[in-house]
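Q: Please see the structure below; I have some questions.
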Amino acid sequence: MKINFILNDNIVNIDIRPDKPLLRMLREDLGIKSVKEGCGRGECGSCTVLVDNKPVASCMVPAGQVHTRKVTTLEGLESSGEIKQIQDAFVKSGAVQCGFCTPGFMISAYSLLTGNPNPEREEIRAAVSGNVCRCTGYTKIIDAIELAAEYIRRFK
Amino acid sequence: MDYIIPGSVREIKKELGTRPGYFAAGCTDLMVLKKEGQLEDRPWIDISRLEELKGIRLEEGCLRIGALATMAELAADPLVKEHAPAMAAAAGQMGSPLIRNLATIGGNLSNSNPAGDTIPCVNALDAVLVLQKENDIREVPAHEFCTAPCENVLSQGEILTAVRIPVRPGKSAFIKLGPRRALAISKVSLAVRWVIEKGLIEDIRICMGAVGPKCMRARRTEEMMKGGRLNAELVSRASHMIGNEACPIDDFRSSETYRRQMLGVLLKRVF
Ligand code: FES
Ligand code: FES
């Protein structure tokens, strides 16, 4: 099936099997490697992307459904000030070990902080409850997102 | 593969003919089944763009929820929070934020999994489910919709288009027990709707999820509570009764005995 959609501000036209997971299409057909396949069944969040600005597990989205929609991955946010602040806060807080989960956490954090610049710790926990990290034990990630919120408020 | 994007609900049957198909809306169950290799070679019908299935609004004394309403929308919608707080609570606890932005109420109901959390809600809230095939529209009371685990009254080519919840005075709540807070499939769940009149319980509906082949009402407990004063003693009596009204199974999620006992615990938490 021929589909077209916006990927990180560029129009993509592609002929693709419509039931192929968006995650696989991004990695295998479009060279977007920030999205990772952890579980492939909606439970780990390492494949998190924004579809029409909402964070979703891209392994759960059939490619046919993104036709005419807007898909944003970490690559597309690189130029945004917020992602830079989130990245700095992750590094500063020691929230990255192997890094496999990090892009997913960063997208969830980005989505939280653009809507809620001053979240409670509990709200941060809820916002990343679909993201799994097997290394850090989460505390440092929650710290990082709290710090990122502070950086972004100051930066604005 | 055959991937059909119908222009309207009415066209679905024509597009499918006599073939059975898979409806693709939020796809959070469909994509898992696909990954597990459990899908047969059937056409997919992508209904995710049908405007007529979207929207949450008040209409003729009912709260009308379109089948494509996502869990995130239900959890945040002011009308749902006001008129169907049990539904908003159930939706807000399902899966994770990454799933709630995809999963739809129509999908959760149509899969009719006994552990589906919207099912006890539509039962407690006395909802009517609107089904459509071609030009035929029928309304089915929530309690008649599911017929067995993962089975319901939908015929081939027919889809659930909306849920209508009567707007009535009273309160409702939903509580579930799972192994952890995020991404947990219910071991036991309870949706309760009640009306207090002059300090007494005038009406109450208690619906139990995940403790039987389909959603069940705790009728004896309801009868016992009706007319009583809602206080700790009554709730304690009710919480001892309710476990005997379910027929839970032993499975990898929980044992039968545990599920019976937890019904009582959850009922206490509701009030
Ligand atoms: S790979 Fe998508 S949620 Fe795990
Ligand atoms: S840093 Fe390794 S999984 Fe999170």
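Letters A, B, ... mark the chains of the structure tokens in the order given; residue numbers begin at 1 per chain; ligand numbers begin at 1, in order shown.
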Taking the DSSP secondary structure from the backbone, can you list the residues of range 119-170 of chain B that are strand (DSSP E), as a PyMOL selection string?

A: chain B and resi 128-133+136-141+146-148+151-152+159-166

Q: Should the cut-off be 8 Å, what would the residue list for chain A against chain B look like, counting only C-alpha atoms, as an MDAnalysis selection string?

A: chainID A and resid 17:18 21 40:43 45 48 54:57 59:62 65 126:130

Q: Could you pull out the residues in range 90-260 of chain B that DSSP calls alpha helix (DSSP H) from the backbone, as a VMD selection string?

A: chain B and resid 90 to 93 97 to 100 105 to 111 118 to 124 142 to 145 219 to 225 232 to 241 256 to 260

Q: Return as a ChimeraX atom specification every polymer residue, whether protein, DNA or RNA, with at least one atom no more than 8 Å from an atom of ligand 2; count only C-alpha atoms and all ligand atoms.

A: /A:95-102,132-136

Q: Once you have the residues from the selection above, write them out as a PDB file, in the first residue's frame, restricted to all heavy atoms.

A:
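Written out: result_0.pdb:
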```pdb
ATOM      1  N   ALA A  95      21.244   9.256  34.464  1.00  0.00           N
ATOM      2  CA  ALA A  95      20.026   8.500  34.183  1.00  0.00           C
ATOM      3  C   ALA A  95      20.186   7.554  32.999  1.00  0.00           C
ATOM      4  O   ALA A  95      19.224   6.925  32.572  1.00  0.00           O
ATOM      5  CB  ALA A  95      18.878   9.477  33.915  1.00  0.00           C
ATOM      6  N   VAL A  96      21.420   7.476  32.455  1.00  0.00           N
ATOM      7  CA  VAL A  96      21.649   6.617  31.298  1.00  0.00           C
ATOM      8  C   VAL A  96      22.705   5.571  31.646  1.00  0.00           C
ATOM      9  O   VAL A  96      23.801   5.931  32.073  1.00  0.00           O
ATOM     10  CB  VAL A  96      22.159   7.433  30.088  1.00  0.00           C
ATOM     11  CG1 VAL A  96      22.348   6.547  28.877  1.00  0.00           C
ATOM     12  CG2 VAL A  96      21.207   8.576  29.777  1.00  0.00           C
ATOM     13  N   GLN A  97      22.367   4.307  31.487  1.00  0.00           N
ATOM     14  CA  GLN A  97      23.409   3.279  31.622  1.00  0.00           C
ATOM     15  C   GLN A  97      23.633   2.640  30.256  1.00  0.00           C
ATOM     16  O   GLN A  97      24.442   3.137  29.482  1.00  0.00           O
ATOM     17  CB  GLN A  97      23.055   2.302  32.736  1.00  0.00           C
ATOM     18  CG  GLN A  97      23.257   2.960  34.107  1.00  0.00           C
ATOM     19  CD  GLN A  97      23.061   2.023  35.265  1.00  0.00           C
ATOM     20  OE1 GLN A  97      23.286   0.816  35.174  1.00  0.00           O
ATOM     21  NE2 GLN A  97      22.616   2.567  36.390  1.00  0.00           N
ATOM     22  N   CYS A  98      22.874   1.589  29.919  1.00  0.00           N
ATOM     23  CA  CYS A  98      23.107   1.039  28.574  1.00  0.00           C
ATOM     24  C   CYS A  98      22.509   1.936  27.499  1.00  0.00           C
ATOM     25  O   CYS A  98      22.929   1.909  26.354  1.00  0.00           O
ATOM     26  CB  CYS A  98      22.529  -0.363  28.445  1.00  0.00           C
ATOM     27  SG  CYS A  98      20.750  -0.400  28.223  1.00  0.00           S
ATOM     28  N   GLY A  99      21.468   2.699  27.853  1.00  0.00           N
ATOM     29  CA  GLY A  99      20.904   3.668  26.923  1.00  0.00           C
ATOM     30  C   GLY A  99      19.798   3.157  26.019  1.00  0.00           C
ATOM     31  O   GLY A  99      19.208   3.935  25.270  1.00  0.00           O
ATOM     32  N   PHE A 100      19.510   1.883  26.105  1.00  0.00           N
ATOM     33  CA  PHE A 100      18.500   1.303  25.204  1.00  0.00           C
ATOM     34  C   PHE A 100      17.122   1.937  25.411  1.00  0.00           C
ATOM     35  O   PHE A 100      16.379   2.176  24.472  1.00  0.00           O
ATOM     36  CB  PHE A 100      18.424  -0.211  25.426  1.00  0.00           C
ATOM     37  CG  PHE A 100      17.649  -0.950  24.375  1.00  0.00           C
ATOM     38  CD1 PHE A 100      18.246  -1.329  23.188  1.00  0.00           C
ATOM     39  CD2 PHE A 100      16.312  -1.258  24.568  1.00  0.00           C
ATOM     40  CE1 PHE A 100      17.523  -2.009  22.210  1.00  0.00           C
ATOM     41  CE2 PHE A 100      15.586  -1.938  23.596  1.00  0.00           C
ATOM     42  CZ  PHE A 100      16.201  -2.312  22.417  1.00  0.00           C
ATOM     43  N   CYS A 101      16.805   2.224  26.665  1.00  0.00           N
ATOM     44  CA  CYS A 101      15.476   2.758  26.987  1.00  0.00           C
ATOM     45  C   CYS A 101      15.407   4.267  26.837  1.00  0.00           C
ATOM     46  O   CYS A 101      14.325   4.848  26.866  1.00  0.00           O
ATOM     47  CB  CYS A 101      15.107   2.409  28.433  1.00  0.00           C
ATOM     48  SG  CYS A 101      16.135   3.298  29.644  1.00  0.00           S
ATOM     49  N   THR A 102      16.586   4.925  26.724  1.00  0.00           N
ATOM     50  CA  THR A 102      16.656   6.381  26.877  1.00  0.00           C
ATOM     51  C   THR A 102      15.817   7.177  25.862  1.00  0.00           C
ATOM     52  O   THR A 102      15.089   8.087  26.259  1.00  0.00           O
ATOM     53  CB  THR A 102      18.133   6.835  26.857  1.00  0.00           C
ATOM     54  OG1 THR A 102      18.865   5.986  27.749  1.00  0.00           O
ATOM     55  CG2 THR A 102      18.271   8.269  27.328  1.00  0.00           C
ATOM     56  N   VAL A 132      10.042   1.056  30.337  1.00  0.00           N
ATOM     57  CA  VAL A 132      10.767   0.152  31.223  1.00  0.00           C
ATOM     58  C   VAL A 132      12.266   0.397  31.090  1.00  0.00           C
ATOM     59  O   VAL A 132      12.773   0.596  29.983  1.00  0.00           O
ATOM     60  CB  VAL A 132      10.443  -1.318  30.863  1.00  0.00           C
ATOM     61  CG1 VAL A 132      11.359  -2.284  31.594  1.00  0.00           C
ATOM     62  CG2 VAL A 132       8.990  -1.636  31.183  1.00  0.00           C
ATOM     63  N   CYS A 133      12.973   0.414  32.216  1.00  0.00           N
ATOM     64  CA  CYS A 133      14.435   0.484  32.195  1.00  0.00           C
ATOM     65  C   CYS A 133      14.973  -0.679  33.025  1.00  0.00           C
ATOM     66  O   CYS A 133      14.565  -0.862  34.161  1.00  0.00           O
ATOM     67  CB  CYS A 133      14.923   1.800  32.791  1.00  0.00           C
ATOM     68  SG  CYS A 133      16.723   1.854  32.942  1.00  0.00           S
ATOM     69  N   ARG A 134      15.845  -1.466  32.416  1.00  0.00           N
ATOM     70  CA  ARG A 134      16.363  -2.621  33.147  1.00  0.00           C
ATOM     71  C   ARG A 134      17.679  -2.300  33.853  1.00  0.00           C
ATOM     72  O   ARG A 134      18.270  -3.168  34.492  1.00  0.00           O
ATOM     73  CB  ARG A 134      16.572  -3.812  32.199  1.00  0.00           C
ATOM     74  CG  ARG A 134      15.329  -4.305  31.509  1.00  0.00           C
ATOM     75  CD  ARG A 134      14.231  -4.675  32.460  1.00  0.00           C
ATOM     76  NE  ARG A 134      14.603  -5.692  33.436  1.00  0.00           N
ATOM     77  CZ  ARG A 134      14.474  -6.999  33.277  1.00  0.00           C
ATOM     78  NH1 ARG A 134      13.998  -7.473  32.159  1.00  0.00           N
ATOM     79  NH2 ARG A 134      14.815  -7.843  34.219  1.00  0.00           N
ATOM     80  N   CYS A 135      18.197  -1.083  33.717  1.00  0.00           N
ATOM     81  CA  CYS A 135      19.493  -0.760  34.323  1.00  0.00           C
ATOM     82  C   CYS A 135      19.404   0.147  35.538  1.00  0.00           C
ATOM     83  O   CYS A 135      19.918  -0.163  36.593  1.00  0.00           O
ATOM     84  CB  CYS A 135      20.411  -0.080  33.307  1.00  0.00           C
ATOM     85  SG  CYS A 135      20.704  -1.016  31.804  1.00  0.00           S
ATOM     86  N   THR A 136      18.753   1.297  35.373  1.00  0.00           N
ATOM     87  CA  THR A 136      18.954   2.372  36.355  1.00  0.00           C
ATOM     88  C   THR A 136      18.164   2.256  37.644  1.00  0.00           C
ATOM     89  O   THR A 136      18.521   2.869  38.637  1.00  0.00           O
ATOM     90  CB  THR A 136      18.557   3.738  35.744  1.00  0.00           C
ATOM     91  OG1 THR A 136      17.155   3.704  35.476  1.00  0.00           O
ATOM     92  CG2 THR A 136      19.315   4.021  34.478  1.00  0.00           C
TER      93      THR A 136
END
```

Q: One decimal, in Å: what's the spacing between CA of Pro213 in chain B and CA of Cys44 in chain A?

A: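 CA of Pro213 in chain B sits 29.5 Å away from CA of Cys44 in chain A.
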
Q: Residues at most 8 Å from range 83-85 of chain B, counting only C-alpha atoms, excluding those fewer than 2 positions away in the same chain, as a ChimeraX atom specification?

A: /B:63,79-81,87-89,125,165,167-168,171-174

Q: Just want the 9 Å neighbourhood of Leu74 in chain A, counted on only C-alpha atoms, with same-chain residues fewer than 4 positions away dropped. Output as a list in words.

A: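 Contacts, in chain order: Asn8, Ser34, Val35, Val49, Glu78, Ile83, Pro103, Gly104, Met106 and Ile107 of chain A.
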
Q: Can I get the selected residues back with C-alpha atoms, as an mmCIF file, in the first residue's frame?

A:
```
data_model
loop_
_atom_site.group_PDB
_atom_site.id
_atom_site.type_symbol
_atom_site.label_atom_id
_atom_site.label_comp_id
_atom_site.auth_asym_id
_atom_site.auth_seq_id
_atom_site.Cartn_x
_atom_site.Cartn_y
_atom_site.Cartn_z
ATOM 1 C CA ASN A 8 10.087 14.809 11.460
ATOM 2 C CA SER A 34 16.462 5.999 17.882
ATOM 3 C CA VAL A 35 13.349 3.853 18.156
ATOM 4 C CA VAL A 49 7.285 8.072 19.181
ATOM 5 C CA GLU A 78 17.002 17.397 18.011
ATOM 6 C CA ILE A 83 15.254 17.984 24.080
ATOM 7 C CA PRO A 103 15.049 7.619 23.623
ATOM 8 C CA GLY A 104 11.665 6.310 24.785
ATOM 9 C CA MET A 106 13.057 11.195 26.568
ATOM 10 C CA ILE A 107 10.005 11.299 24.311
#
```

Q: Nearest residue to ligand 1 out of A:Arg154, A:Arg27, A:Lys2, A:Arg69, using only C-alpha atoms and all ligand atoms?

A: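 Checking each of A:Arg154, A:Arg27, A:Lys2, A:Arg69 against ligand 1, counting only C-alpha atoms and all ligand atoms, the winner is A:Arg27.
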